[in-house]
Number of protein chains: 2
Amino acid sequence: MVEQLLSNPDEFDFLLETHQQIEVQLAQQDHRYTNSRRQLVEVLSKAGHPMALPNIVAADPALAQSSVYRNLNVLVRSGVIRRINTGGDHAYFELAEPLLAHHHHLICMSCGAIQDIYLTSEVEMLVDRNLAEVALESGFTPIYHNLDLHGHCANC
Amino acid sequence: MVEQLLSNPDEFDFLLETHQQIEVQLAQQDHRYTNSRRQLVEVLSKAGHPMALPNIVAADPALAQSSVYRNLNVLVRSGVIRRINTGGDHAYFELAEPLLAHHHHLICMSCGAIQDIYLTSEVEMLVDRNLAEVALESGFTPIYHNLDLHGHCANC
DNA sequence: TTAATACTAAGAATCATTCTCATTTTTGTG
DNA sequence: CACAAAAATGAGAATGATTCTTAGTATTAA
């Protein structure tokens, strides 16, 4: 069992809870939470940062590329995983809210690295309110928003 | 001359100014503002909203697909055009700041349509400040930010 | 048990985008 | 006005991330 390899009991609990939530979320849309989907979620969860497909596949040799692509789509459509479009060669993927707290990204224009950032709740609230107003005026139904800062990371 | 077809003198002035600015901006990087680049800019300018490649090519039969792709890249690298990654099949393109005022986008998850939105200057200021703080902590050098709201447009 | 349905995974197919290259246009210099 | 050097063009080939196909496997429900 993969769980026995974890040194940190908190991480163990987190994964357990995460798996349970996801199972319910998928069941609501008549999808199964199969082994390979669990493994995919564990790779993303343990990495702790957004990953592109080659990294996901490399992180767990049991994962088949075609299945990962298919399952990423299923999980994105079910709201379990979030797709991040950087404009680079690959899309990036991370666990979606509420499995992960609401946050945004620094995206390096040189190396493509992605780092999570958190804004103050005051700023988040004002942005939300302002976006909601503008959406309402256009008859637009908001689902989620993206906010990312592009530039050059410390290494580049 | 394309300009003679314009009914609105304001639009004529706007294009003139725009072309002049772009010519300078390109010259600074040893690029020429050629005819086909002008035509590309005019298509985007007249549309008044972000366009995907097939629409750009369809809007002006004189534009060759391969040249449009190449020139979009040149103009994006020079900061004249902005690329919008929606996650759909195509990237979208629009004139960049300061040719267009700072704004954000509503992106329809059903039909892919993109609409410009403007936030209040108060919100923009707070977001900028907060992003700058967070970037500084990470040694990240900010260039620009994206903020887009995904959901369903009035038609969908 | 059995039928229906979901899932898997290897490889083929798709298609947006980039690359190649022969030709044309523009620029700068004598 | 050449004329060489540098940029740009455009048609088609190549690339490569992602999706599709398909035959087989696993799960569910009756």
# chains A, B, ... in the order shown; residues from 1 in each chain; ligands from 1
>>> closest_atom_pairs(of="chain B", to="chain D", cutoff="10 Å", atoms="only C-alpha atoms (C1' of nucleotides)", output="CSV")
residue,atom,partner,partner_atom,distance
B:Asp30,CA,D:DA7,C1',9.3
B:His31,CA,D:DA7,C1',7.9
B:Arg32,CA,D:DA7,C1',7.8
B:Thr34,CA,D:DA8,C1',8.2
B:Ser36,CA,D:DT9,C1',9.1
B:Leu63,CA,D:DG10,C1',9.5
B:Ala64,CA,D:DG10,C1',6.4
B:Gln65,CA,D:DG10,C1',8.2
B:Ser66,CA,D:DG10,C1',6.7
B:Ser67,CA,D:DG10,C1',6.7
B:Asn71,CA,D:DA8,C1',9.7
>>> closest_atom_pairs(of="chain C", to="chain A", cutoff="12 Å", atoms="only C-alpha atoms (C1' of nucleotides)", output="Markdown table")
| residue | atom | partner | partner_atom | distance |
| --- | --- | --- | --- | --- |
| C:DT5 | C1' | A:Asp30 | CA | 10.6 |
| C:DA6 | C1' | A:Arg32 | CA | 7.8 |
| C:DC7 | C1' | A:Thr34 | CA | 8.2 |
| C:DT8 | C1' | A:Ser67 | CA | 6.8 |
| C:DA9 | C1' | A:Ala64 | CA | 6.4 |
| C:DA10 | C1' | A:Ser66 | CA | 8.4 |
| C:DG11 | C1' | A:Ser66 | CA | 9.9 |
| C:DA16 | C1' | A:Asp89 | CA | 11.6 |
| C:DT17 | C1' | A:Asp89 | CA | 10.4 |
| C:DT18 | C1' | A:Asp89 | CA | 11.8 |
>>> select_by_dssp(residues="chain B", states="strand (DSSP E or B)", output="ChimeraX atom specification")
/B:51-52,81-84,92-95,104-108,114-117,141-152
>>> write_last_selection(atoms="N, CA and C atoms", output="JSON list (two decimals), in the first residue's frame")
[["chain", "number", "residue", "atom", "x", "y", "z"],
["B", 51, "MET", "N", -9.28, 37.77, -31.23],
["B", 51, "MET", "CA", -9.58, 36.87, -32.34],
["B", 51, "MET", "C", -8.65, 35.66, -32.36],
["B", 52, "ALA", "N", -9.20, 34.54, -32.80],
["B", 52, "ALA", "CA", -8.40, 33.34, -33.01],
["B", 52, "ALA", "C", -7.88, 33.35, -34.44],
["B", 81, "ILE", "N", 1.20, 42.96, -29.50],
["B", 81, "ILE", "CA", 0.00, 42.13, -29.45],
["B", 81, "ILE", "C", 0.08, 41.25, -28.21],
["B", 82, "ARG", "N", -1.07, 40.94, -27.67],
["B", 82, "ARG", "CA", -1.16, 40.11, -26.47],
["B", 82, "ARG", "C", -1.82, 38.78, -26.84],
["B", 83, "ARG", "N", -1.22, 37.70, -26.36],
["B", 83, "ARG", "CA", -1.77, 36.36, -26.60],
["B", 83, "ARG", "C", -2.60, 35.96, -25.39],
["B", 84, "ILE", "N", -3.82, 35.44, -25.64],
["B", 84, "ILE", "CA", -4.69, 34.99, -24.57],
["B", 84, "ILE", "C", -4.87, 33.48, -24.67],
["B", 92, "TYR", "N", -6.03, 33.19, -28.56],
["B", 92, "TYR", "CA", -6.68, 34.41, -29.04],
["B", 92, "TYR", "C", -5.68, 35.55, -28.97],
["B", 93, "PHE", "N", -5.89, 36.55, -29.83],
["B", 93, "PHE", "CA", -4.96, 37.67, -29.90],
["B", 93, "PHE", "C", -5.71, 38.99, -29.93],
["B", 94, "GLU", "N", -5.12, 39.99, -29.28],
["B", 94, "GLU", "CA", -5.68, 41.33, -29.32],
["B", 94, "GLU", "C", -4.53, 42.32, -29.21],
["B", 95, "LEU", "N", -4.77, 43.58, -29.53],
["B", 95, "LEU", "CA", -3.74, 44.59, -29.36],
["B", 95, "LEU", "C", -3.38, 44.66, -27.88],
["B", 104, "HIS", "N", -9.61, 43.11, -18.60],
["B", 104, "HIS", "CA", -9.59, 41.66, -18.38],
["B", 104, "HIS", "C", -10.67, 41.02, -19.24],
["B", 105, "HIS", "N", -10.91, 39.71, -19.03],
["B", 105, "HIS", "CA", -11.81, 39.00, -19.95],
["B", 105, "HIS", "C", -12.82, 38.11, -19.24],
["B", 106, "LEU", "N", -14.01, 38.09, -19.84],
["B", 106, "LEU", "CA", -14.98, 37.04, -19.55],
["B", 106, "LEU", "C", -14.78, 35.98, -20.62],
["B", 107, "ILE", "N", -14.59, 34.73, -20.21],
["B", 107, "ILE", "CA", -14.37, 33.66, -21.18],
["B", 107, "ILE", "C", -15.48, 32.63, -21.03],
["B", 108, "CYS", "N", -16.24, 32.43, -22.09],
["B", 108, "CYS", "CA", -17.37, 31.49, -22.03],
["B", 108, "CYS", "C", -16.86, 30.07, -22.18],
["B", 114, "ILE", "N", -15.03, 35.55, -26.06],
["B", 114, "ILE", "CA", -14.28, 36.38, -25.11],
["B", 114, "ILE", "C", -14.80, 37.80, -25.14],
["B", 115, "GLN", "N", -15.06, 38.34, -23.96],
["B", 115, "GLN", "CA", -15.55, 39.71, -23.87],
["B", 115, "GLN", "C", -14.64, 40.51, -22.93],
["B", 116, "ASP", "N", -14.37, 41.75, -23.30],
["B", 116, "ASP", "CA", -13.53, 42.58, -22.46],
["B", 116, "ASP", "C", -14.32, 43.11, -21.27],
["B", 117, "ILE", "N", -13.65, 43.20, -20.12],
["B", 117, "ILE", "CA", -14.27, 43.83, -18.95],
["B", 117, "ILE", "C", -13.26, 44.77, -18.28],
["B", 141, "THR", "N", 10.31, 38.71, -10.76],
["B", 141, "THR", "CA", 10.20, 40.00, -11.44],
["B", 141, "THR", "C", 8.94, 40.04, -12.29],
["B", 142, "PRO", "N", 7.94, 40.83, -11.87],
["B", 142, "PRO", "CA", 6.66, 40.85, -12.57],
["B", 142, "PRO", "C", 6.76, 41.57, -13.91],
["B", 143, "ILE", "N", 6.06, 41.04, -14.92],
["B", 143, "ILE", "CA", 5.98, 41.72, -16.21],
["B", 143, "ILE", "C", 4.53, 42.16, -16.46],
["B", 144, "TYR", "N", 3.60, 41.22, -16.34],
["B", 144, "TYR", "CA", 2.20, 41.59, -16.50],
["B", 144, "TYR", "C", 1.34, 40.56, -15.79],
["B", 145, "HIS", "N", 0.07, 40.88, -15.59],
["B", 145, "HIS", "CA", -0.81, 39.89, -14.99],
["B", 145, "HIS", "C", -2.05, 39.66, -15.84],
["B", 146, "ASN", "N", -2.62, 38.50, -15.67],
["B", 146, "ASN", "CA", -3.87, 38.15, -16.32],
["B", 146, "ASN", "C", -4.93, 37.90, -15.28],
["B", 147, "LEU", "N", -6.12, 38.36, -15.55],
["B", 147, "LEU", "CA", -7.23, 38.06, -14.66],
["B", 147, "LEU", "C", -8.44, 37.78, -15.54],
["B", 148, "ASP", "N", -8.93, 36.55, -15.54],
["B", 148, "ASP", "CA", -10.10, 36.28, -16.37],
["B", 148, "ASP", "C", -11.13, 35.45, -15.63],
["B", 149, "LEU", "N", -12.35, 35.75, -15.98],
["B", 149, "LEU", "CA", -13.49, 35.10, -15.32],
["B", 149, "LEU", "C", -14.08, 34.09, -16.29],
["B", 150, "HIS", "N", -14.13, 32.83, -15.85],
["B", 150, "HIS", "CA", -14.68, 31.77, -16.70],
["B", 150, "HIS", "C", -16.09, 31.44, -16.24],
["B", 151, "GLY", "N", -16.95, 31.14, -17.20],
["B", 151, "GLY", "CA", -18.33, 30.82, -16.87],
["B", 151, "GLY", "C", -19.12, 30.67, -18.15],
["B", 152, "HIS", "N", -20.39, 31.03, -18.11],
["B", 152, "HIS", "CA", -21.21, 30.88, -19.30],
["B", 152, "HIS", "C", -21.81, 32.22, -19.71]]
>>> atom_distance(atom1="atom CA of Ile22 of chain B", atom2="atom CA of Leu99 of chain B")
8.8 Å
>>> residues_around(residues="Asp60 of chain B", least_positions_apart="3", cutoff="10 Å", atoms="only C-alpha atoms (C1' of nucleotides)", output="PyMOL selection string")
chain B and resi 39-40+42-43+55-57+63-64
>>> select_by_dssp(residues="chain A", states="helix (DSSP H, G or I)", output="PDB file with N, CA and C atoms, in the first residue's frame")
ATOM      1  N   VAL A   2       0.471   2.157  -0.823  1.00  0.00           N
ATOM      2  CA  VAL A   2       1.248   3.392  -0.935  1.00  0.00           C
ATOM      3  C   VAL A   2       1.251   4.151   0.392  1.00  0.00           C
ATOM      4  N   GLU A   3       0.159   4.115   1.080  1.00  0.00           N
ATOM      5  CA  GLU A   3       0.041   4.908   2.300  1.00  0.00           C
ATOM      6  C   GLU A   3       1.129   4.570   3.327  1.00  0.00           C
ATOM      7  N   GLN A   4       1.551   3.326   3.377  1.00  0.00           N
ATOM      8  CA  GLN A   4       2.530   2.925   4.382  1.00  0.00           C
ATOM      9  C   GLN A   4       3.878   3.593   4.153  1.00  0.00           C
ATOM     10  N   LEU A   5       4.088   4.098   2.959  1.00  0.00           N
ATOM     11  CA  LEU A   5       5.371   4.724   2.668  1.00  0.00           C
ATOM     12  C   LEU A   5       5.437   6.155   3.196  1.00  0.00           C
ATOM     13  N   PRO A   9       2.076  11.408   9.387  1.00  0.00           N
ATOM     14  CA  PRO A   9       0.686  11.010   9.604  1.00  0.00           C
ATOM     15  C   PRO A   9      -0.314  12.069   9.135  1.00  0.00           C
ATOM     16  N   ASP A  10       0.055  13.335   9.192  1.00  0.00           N
ATOM     17  CA  ASP A  10      -0.839  14.383   8.715  1.00  0.00           C
ATOM     18  C   ASP A  10      -1.105  14.223   7.229  1.00  0.00           C
ATOM     19  N   GLU A  11      -0.040  13.908   6.506  1.00  0.00           N
ATOM     20  CA  GLU A  11      -0.187  13.731   5.072  1.00  0.00           C
ATOM     21  C   GLU A  11      -1.095  12.540   4.796  1.00  0.00           C
ATOM     22  N   PHE A  12      -0.969  11.525   5.604  1.00  0.00           N
ATOM     23  CA  PHE A  12      -1.810  10.340   5.484  1.00  0.00           C
ATOM     24  C   PHE A  12      -3.281  10.713   5.645  1.00  0.00           C
ATOM     25  N   ASP A  13      -3.575  11.470   6.705  1.00  0.00           N
ATOM     26  CA  ASP A  13      -4.950  11.907   6.947  1.00  0.00           C
ATOM     27  C   ASP A  13      -5.461  12.750   5.795  1.00  0.00           C
ATOM     28  N   PHE A  14      -4.608  13.650   5.334  1.00  0.00           N
ATOM     29  CA  PHE A  14      -5.009  14.537   4.257  1.00  0.00           C
ATOM     30  C   PHE A  14      -5.414  13.739   3.022  1.00  0.00           C
ATOM     31  N   LEU A  15      -4.586  12.746   2.683  1.00  0.00           N
ATOM     32  CA  LEU A  15      -4.889  11.949   1.503  1.00  0.00           C
ATOM     33  C   LEU A  15      -6.182  11.166   1.676  1.00  0.00           C
ATOM     34  N   LEU A  16      -6.365  10.613   2.892  1.00  0.00           N
ATOM     35  CA  LEU A  16      -7.596   9.866   3.153  1.00  0.00           C
ATOM     36  C   LEU A  16      -8.823  10.731   2.909  1.00  0.00           C
ATOM     37  N   GLU A  17      -8.817  11.883   3.555  1.00  0.00           N
ATOM     38  CA  GLU A  17      -9.938  12.824   3.393  1.00  0.00           C
ATOM     39  C   GLU A  17     -10.129  13.209   1.936  1.00  0.00           C
ATOM     40  N   THR A  18      -9.015  13.549   1.307  1.00  0.00           N
ATOM     41  CA  THR A  18      -9.061  13.941  -0.098  1.00  0.00           C
ATOM     42  C   THR A  18      -9.705  12.846  -0.933  1.00  0.00           C
ATOM     43  N   HIS A  19      -9.262  11.612  -0.742  1.00  0.00           N
ATOM     44  CA  HIS A  19      -9.807  10.508  -1.526  1.00  0.00           C
ATOM     45  C   HIS A  19     -11.311  10.356  -1.305  1.00  0.00           C
ATOM     46  N   GLN A  20     -11.721  10.504  -0.055  1.00  0.00           N
ATOM     47  CA  GLN A  20     -13.151  10.358   0.232  1.00  0.00           C
ATOM     48  C   GLN A  20     -13.970  11.428  -0.465  1.00  0.00           C
ATOM     49  N   GLN A  21     -13.490  12.676  -0.360  1.00  0.00           N
ATOM     50  CA  GLN A  21     -14.211  13.767  -1.019  1.00  0.00           C
ATOM     51  C   GLN A  21     -14.325  13.524  -2.514  1.00  0.00           C
ATOM     52  N   ILE A  22     -13.219  13.096  -3.093  1.00  0.00           N
ATOM     53  CA  ILE A  22     -13.202  12.912  -4.550  1.00  0.00           C
ATOM     54  C   ILE A  22     -14.140  11.781  -4.949  1.00  0.00           C
ATOM     55  N   GLU A  23     -14.139  10.717  -4.163  1.00  0.00           N
ATOM     56  CA  GLU A  23     -15.009   9.584  -4.483  1.00  0.00           C
ATOM     57  C   GLU A  23     -16.469  10.039  -4.572  1.00  0.00           C
ATOM     58  N   VAL A  24     -16.878  10.830  -3.593  1.00  0.00           N
ATOM     59  CA  VAL A  24     -18.246  11.350  -3.587  1.00  0.00           C
ATOM     60  C   VAL A  24     -18.497  12.230  -4.803  1.00  0.00           C
ATOM     61  N   GLN A  25     -17.538  13.139  -5.028  1.00  0.00           N
ATOM     62  CA  GLN A  25     -17.681  14.090  -6.129  1.00  0.00           C
ATOM     63  C   GLN A  25     -17.827  13.375  -7.472  1.00  0.00           C
ATOM     64  N   LEU A  26     -17.059  12.310  -7.656  1.00  0.00           N
ATOM     65  CA  LEU A  26     -17.130  11.566  -8.916  1.00  0.00           C
ATOM     66  C   LEU A  26     -18.420  10.768  -9.008  1.00  0.00           C
ATOM     67  N   ALA A  27     -18.817  10.171  -7.895  1.00  0.00           N
ATOM     68  CA  ALA A  27     -20.030   9.336  -7.886  1.00  0.00           C
ATOM     69  C   ALA A  27     -21.235  10.156  -8.324  1.00  0.00           C
ATOM     70  N   ASN A  35      -8.454   2.838  -9.319  1.00  0.00           N
ATOM     71  CA  ASN A  35      -7.073   2.838  -8.855  1.00  0.00           C
ATOM     72  C   ASN A  35      -6.207   3.824  -9.611  1.00  0.00           C
ATOM     73  N   SER A  36      -6.292   3.816 -10.922  1.00  0.00           N
ATOM     74  CA  SER A  36      -5.378   4.672 -11.669  1.00  0.00           C
ATOM     75  C   SER A  36      -5.731   6.144 -11.447  1.00  0.00           C
ATOM     76  N   ARG A  37      -7.005   6.436 -11.169  1.00  0.00           N
ATOM     77  CA  ARG A  37      -7.369   7.820 -10.855  1.00  0.00           C
ATOM     78  C   ARG A  37      -6.842   8.205  -9.477  1.00  0.00           C
ATOM     79  N   ARG A  38      -6.877   7.263  -8.548  1.00  0.00           N
ATOM     80  CA  ARG A  38      -6.298   7.510  -7.222  1.00  0.00           C
ATOM     81  C   ARG A  38      -4.813   7.808  -7.322  1.00  0.00           C
ATOM     82  N   GLN A  39      -4.122   6.980  -8.113  1.00  0.00           N
ATOM     83  CA  GLN A  39      -2.674   7.171  -8.246  1.00  0.00           C
ATOM     84  C   GLN A  39      -2.361   8.536  -8.834  1.00  0.00           C
ATOM     85  N   LEU A  40      -3.173   8.925  -9.825  1.00  0.00           N
ATOM     86  CA  LEU A  40      -2.998  10.232 -10.443  1.00  0.00           C
ATOM     87  C   LEU A  40      -3.163  11.346  -9.409  1.00  0.00           C
ATOM     88  N   VAL A  41      -4.198  11.238  -8.605  1.00  0.00           N
ATOM     89  CA  VAL A  41      -4.445  12.249  -7.571  1.00  0.00           C
ATOM     90  C   VAL A  41      -3.298  12.256  -6.553  1.00  0.00           C
ATOM     91  N   GLU A  42      -2.786  11.084  -6.232  1.00  0.00           N
ATOM     92  CA  GLU A  42      -1.700  11.043  -5.245  1.00  0.00           C
ATOM     93  C   GLU A  42      -0.434  11.716  -5.780  1.00  0.00           C
ATOM     94  N   VAL A  43      -0.162  11.510  -7.050  1.00  0.00           N
ATOM     95  CA  VAL A  43       1.006  12.165  -7.637  1.00  0.00           C
ATOM     96  C   VAL A  43       0.869  13.677  -7.500  1.00  0.00           C
ATOM     97  N   LEU A  44      -0.294  14.203  -7.873  1.00  0.00           N
ATOM     98  CA  LEU A  44      -0.502  15.652  -7.813  1.00  0.00           C
ATOM     99  C   LEU A  44      -0.473  16.140  -6.370  1.00  0.00           C
ATOM    100  N   SER A  45      -1.074  15.357  -5.487  1.00  0.00           N
ATOM    101  CA  SER A  45      -1.158  15.774  -4.094  1.00  0.00           C
ATOM    102  C   SER A  45       0.219  15.816  -3.447  1.00  0.00           C
ATOM    103  N   LYS A  46       1.013  14.807  -3.710  1.00  0.00           N
ATOM    104  CA  LYS A  46       2.345  14.753  -3.096  1.00  0.00           C
ATOM    105  C   LYS A  46       3.285  15.797  -3.667  1.00  0.00           C
ATOM    106  N   ALA A  47       3.124  16.101  -4.958  1.00  0.00           N
ATOM    107  CA  ALA A  47       4.014  17.096  -5.563  1.00  0.00           C
ATOM    108  C   ALA A  47       3.815  18.446  -4.887  1.00  0.00           C
ATOM    109  N   LEU A  53       2.116  17.072 -17.961  1.00  0.00           N
ATOM    110  CA  LEU A  53       1.921  15.642 -18.168  1.00  0.00           C
ATOM    111  C   LEU A  53       3.190  14.797 -18.091  1.00  0.00           C
ATOM    112  N   PRO A  54       4.284  15.184 -18.724  1.00  0.00           N
ATOM    113  CA  PRO A  54       5.473  14.331 -18.669  1.00  0.00           C
ATOM    114  C   PRO A  54       5.948  14.087 -17.239  1.00  0.00           C
ATOM    115  N   ASN A  55       5.833  15.079 -16.391  1.00  0.00           N
ATOM    116  CA  ASN A  55       6.232  14.921 -14.993  1.00  0.00           C
ATOM    117  C   ASN A  55       5.314  13.970 -14.258  1.00  0.00           C
ATOM    118  N   ILE A  56       4.039  14.046 -14.548  1.00  0.00           N
ATOM    119  CA  ILE A  56       3.074  13.159 -13.902  1.00  0.00           C
ATOM    120  C   ILE A  56       3.392  11.714 -14.254  1.00  0.00           C
ATOM    121  N   VAL A  57       3.570  11.457 -15.528  1.00  0.00           N
ATOM    122  CA  VAL A  57       3.841  10.090 -15.973  1.00  0.00           C
ATOM    123  C   VAL A  57       5.170   9.586 -15.408  1.00  0.00           C
ATOM    124  N   ALA A  58       6.159  10.486 -15.373  1.00  0.00           N
ATOM    125  CA  ALA A  58       7.475  10.088 -14.855  1.00  0.00           C
ATOM    126  C   ALA A  58       7.416   9.782 -13.366  1.00  0.00           C
ATOM    127  N   ALA A  59       6.504  10.439 -12.663  1.00  0.00           N
ATOM    128  CA  ALA A  59       6.439  10.289 -11.208  1.00  0.00           C
ATOM    129  C   ALA A  59       5.872   8.939 -10.794  1.00  0.00           C
ATOM    130  N   GLN A  65       0.240   6.885 -20.317  1.00  0.00           N
ATOM    131  CA  GLN A  65       0.031   8.241 -20.822  1.00  0.00           C
ATOM    132  C   GLN A  65      -1.412   8.471 -21.288  1.00  0.00           C
ATOM    133  N   SER A  66      -1.924   7.577 -22.087  1.00  0.00           N
ATOM    134  CA  SER A  66      -3.269   7.808 -22.635  1.00  0.00           C
ATOM    135  C   SER A  66      -4.311   7.823 -21.528  1.00  0.00           C
ATOM    136  N   SER A  67      -4.118   6.975 -20.523  1.00  0.00           N
ATOM    137  CA  SER A  67      -5.076   6.950 -19.416  1.00  0.00           C
ATOM    138  C   SER A  67      -4.976   8.217 -18.584  1.00  0.00           C
ATOM    139  N   VAL A  68      -3.763   8.714 -18.417  1.00  0.00           N
ATOM    140  CA  VAL A  68      -3.602   9.947 -17.651  1.00  0.00           C
ATOM    141  C   VAL A  68      -4.317  11.092 -18.360  1.00  0.00           C
ATOM    142  N   TYR A  69      -4.136  11.191 -19.662  1.00  0.00           N
ATOM    143  CA  TYR A  69      -4.824  12.244 -20.413  1.00  0.00           C
ATOM    144  C   TYR A  69      -6.335  12.110 -20.247  1.00  0.00           C
ATOM    145  N   ARG A  70      -6.827  10.900 -20.430  1.00  0.00           N
ATOM    146  CA  ARG A  70      -8.273  10.695 -20.335  1.00  0.00           C
ATOM    147  C   ARG A  70      -8.772  11.028 -18.936  1.00  0.00           C
ATOM    148  N   ASN A  71      -8.050  10.551 -17.931  1.00  0.00           N
ATOM    149  CA  ASN A  71      -8.509  10.763 -16.567  1.00  0.00           C
ATOM    150  C   ASN A  71      -8.366  12.211 -16.115  1.00  0.00           C
ATOM    151  N   LEU A  72      -7.346  12.888 -16.616  1.00  0.00           N
ATOM    152  CA  LEU A  72      -7.241  14.314 -16.296  1.00  0.00           C
ATOM    153  C   LEU A  72      -8.494  15.024 -16.802  1.00  0.00           C
ATOM    154  N   ASN A  73      -8.937  14.672 -17.992  1.00  0.00           N
ATOM    155  CA  ASN A  73     -10.140  15.305 -18.531  1.00  0.00           C
ATOM    156  C   ASN A  73     -11.371  14.992 -17.695  1.00  0.00           C
ATOM    157  N   VAL A  74     -11.499  13.744 -17.310  1.00  0.00           N
ATOM    158  CA  VAL A  74     -12.638  13.373 -16.477  1.00  0.00           C
ATOM    159  C   VAL A  74     -12.616  14.151 -15.169  1.00  0.00           C
ATOM    160  N   LEU A  75     -11.452  14.217 -14.557  1.00  0.00           N
ATOM    161  CA  LEU A  75     -11.345  14.867 -13.256  1.00  0.00           C
ATOM    162  C   LEU A  75     -11.481  16.388 -13.355  1.00  0.00           C
ATOM    163  N   VAL A  76     -11.029  16.946 -14.460  1.00  0.00           N
ATOM    164  CA  VAL A  76     -11.214  18.386 -14.655  1.00  0.00           C
ATOM    165  C   VAL A  76     -12.695  18.690 -14.841  1.00  0.00           C
ATOM    166  N   ARG A  77     -13.360  17.875 -15.676  1.00  0.00           N
ATOM    167  CA  ARG A  77     -14.792  18.102 -15.892  1.00  0.00           C
ATOM    168  C   ARG A  77     -15.589  17.920 -14.606  1.00  0.00           C
ATOM    169  N   SER A 121      -7.188  38.366   1.989  1.00  0.00           N
ATOM    170  CA  SER A 121      -8.626  38.106   1.838  1.00  0.00           C
ATOM    171  C   SER A 121      -9.353  39.388   1.450  1.00  0.00           C
ATOM    172  N   GLU A 122      -8.794  40.523   1.859  1.00  0.00           N
ATOM    173  CA  GLU A 122      -9.418  41.796   1.487  1.00  0.00           C
ATOM    174  C   GLU A 122      -9.398  41.963  -0.035  1.00  0.00           C
ATOM    175  N   VAL A 123      -8.251  41.745  -0.623  1.00  0.00           N
ATOM    176  CA  VAL A 123      -8.129  41.897  -2.070  1.00  0.00           C
ATOM    177  C   VAL A 123      -9.018  40.877  -2.781  1.00  0.00           C
ATOM    178  N   GLU A 124      -9.013  39.631  -2.304  1.00  0.00           N
ATOM    179  CA  GLU A 124      -9.849  38.594  -2.924  1.00  0.00           C
ATOM    180  C   GLU A 124     -11.317  39.003  -2.910  1.00  0.00           C
ATOM    181  N   MET A 125     -11.719  39.562  -1.778  1.00  0.00           N
ATOM    182  CA  MET A 125     -13.128  39.929  -1.626  1.00  0.00           C
ATOM    183  C   MET A 125     -13.503  41.037  -2.608  1.00  0.00           C
ATOM    184  N   LEU A 126     -12.636  42.041  -2.691  1.00  0.00           N
ATOM    185  CA  LEU A 126     -12.918  43.153  -3.596  1.00  0.00           C
ATOM    186  C   LEU A 126     -12.941  42.701  -5.045  1.00  0.00           C
ATOM    187  N   VAL A 127     -11.999  41.836  -5.410  1.00  0.00           N
ATOM    188  CA  VAL A 127     -11.958  41.335  -6.787  1.00  0.00           C
ATOM    189  C   VAL A 127     -13.242  40.568  -7.084  1.00  0.00           C
ATOM    190  N   ASP A 128     -13.593  39.662  -6.178  1.00  0.00           N
ATOM    191  CA  ASP A 128     -14.813  38.872  -6.358  1.00  0.00           C
ATOM    192  C   ASP A 128     -16.025  39.757  -6.577  1.00  0.00           C
ATOM    193  N   ARG A 129     -16.148  40.758  -5.708  1.00  0.00           N
ATOM    194  CA  ARG A 129     -17.321  41.621  -5.782  1.00  0.00           C
ATOM    195  C   ARG A 129     -17.355  42.359  -7.107  1.00  0.00           C
ATOM    196  N   ASN A 130     -16.192  42.915  -7.483  1.00  0.00           N
ATOM    197  CA  ASN A 130     -16.122  43.685  -8.717  1.00  0.00           C
ATOM    198  C   ASN A 130     -16.401  42.813  -9.944  1.00  0.00           C
ATOM    199  N   LEU A 131     -15.841  41.595  -9.925  1.00  0.00           N
ATOM    200  CA  LEU A 131     -16.084  40.683 -11.047  1.00  0.00           C
ATOM    201  C   LEU A 131     -17.565  40.324 -11.138  1.00  0.00           C
ATOM    202  N   ALA A 132     -18.166  40.081  -9.977  1.00  0.00           N
ATOM    203  CA  ALA A 132     -19.581  39.702  -9.956  1.00  0.00           C
ATOM    204  C   ALA A 132     -20.444  40.811 -10.555  1.00  0.00           C
ATOM    205  N   GLU A 133     -20.131  42.063 -10.186  1.00  0.00           N
ATOM    206  CA  GLU A 133     -20.877  43.196 -10.732  1.00  0.00           C
ATOM    207  C   GLU A 133     -20.793  43.230 -12.246  1.00  0.00           C
ATOM    208  N   VAL A 134     -19.555  43.159 -12.735  1.00  0.00           N
ATOM    209  CA  VAL A 134     -19.330  43.262 -14.176  1.00  0.00           C
ATOM    210  C   VAL A 134     -19.999  42.112 -14.912  1.00  0.00           C
ATOM    211  N   ALA A 135     -19.913  40.901 -14.341  1.00  0.00           N
ATOM    212  CA  ALA A 135     -20.520  39.734 -14.976  1.00  0.00           C
ATOM    213  C   ALA A 135     -22.035  39.913 -15.071  1.00  0.00           C
ATOM    214  N   LEU A 136     -22.606  40.392 -13.998  1.00  0.00           N
ATOM    215  CA  LEU A 136     -24.055  40.588 -13.946  1.00  0.00           C
ATOM    216  C   LEU A 136     -24.515  41.504 -15.075  1.00  0.00           C
ATOM    217  N   GLU A 137     -23.781  42.599 -15.267  1.00  0.00           N
ATOM    218  CA  GLU A 137     -24.119  43.556 -16.324  1.00  0.00           C
ATOM    219  C   GLU A 137     -24.166  42.891 -17.701  1.00  0.00           C
ATOM    220  N   SER A 138     -23.317  41.867 -17.894  1.00  0.00           N
ATOM    221  CA  SER A 138     -23.244  41.218 -19.206  1.00  0.00           C
ATOM    222  C   SER A 138     -24.108  39.973 -19.282  1.00  0.00           C
TER     223      SER A 138
END
>>> atom_distance(atom1="atom CA of Pro61 of chain A", atom2="atom CA of Val80 of chain A")
22.3 Å
>>> residues_around(residues="Cys156 of chain B", least_positions_apart="5", cutoff="9 Å", atoms="only C-alpha atoms (C1' of nucleotides)", output="PyMOL selection string")
chain B and resi 108-111
>>> write_last_selection(atoms="N, CA and C atoms", output="CSV table (one decimal), in the first residue's frame")
chain,number,residue,atom,x,y,z
B,108,CYS,N,-16.2,32.4,-22.1
B,108,CYS,CA,-17.4,31.5,-22.0
B,108,CYS,C,-16.9,30.1,-22.2
B,109,MET,N,-17.2,29.2,-21.2
B,109,MET,CA,-16.7,27.9,-21.2
B,109,MET,C,-17.5,27.0,-22.2
B,110,SER,N,-18.6,27.5,-22.7
B,110,SER,CA,-19.4,26.7,-23.7
B,110,SER,C,-18.9,27.1,-25.1
B,111,CYS,N,-19.0,28.3,-25.5
B,111,CYS,CA,-18.8,28.7,-26.9
B,111,CYS,C,-17.4,29.3,-27.1
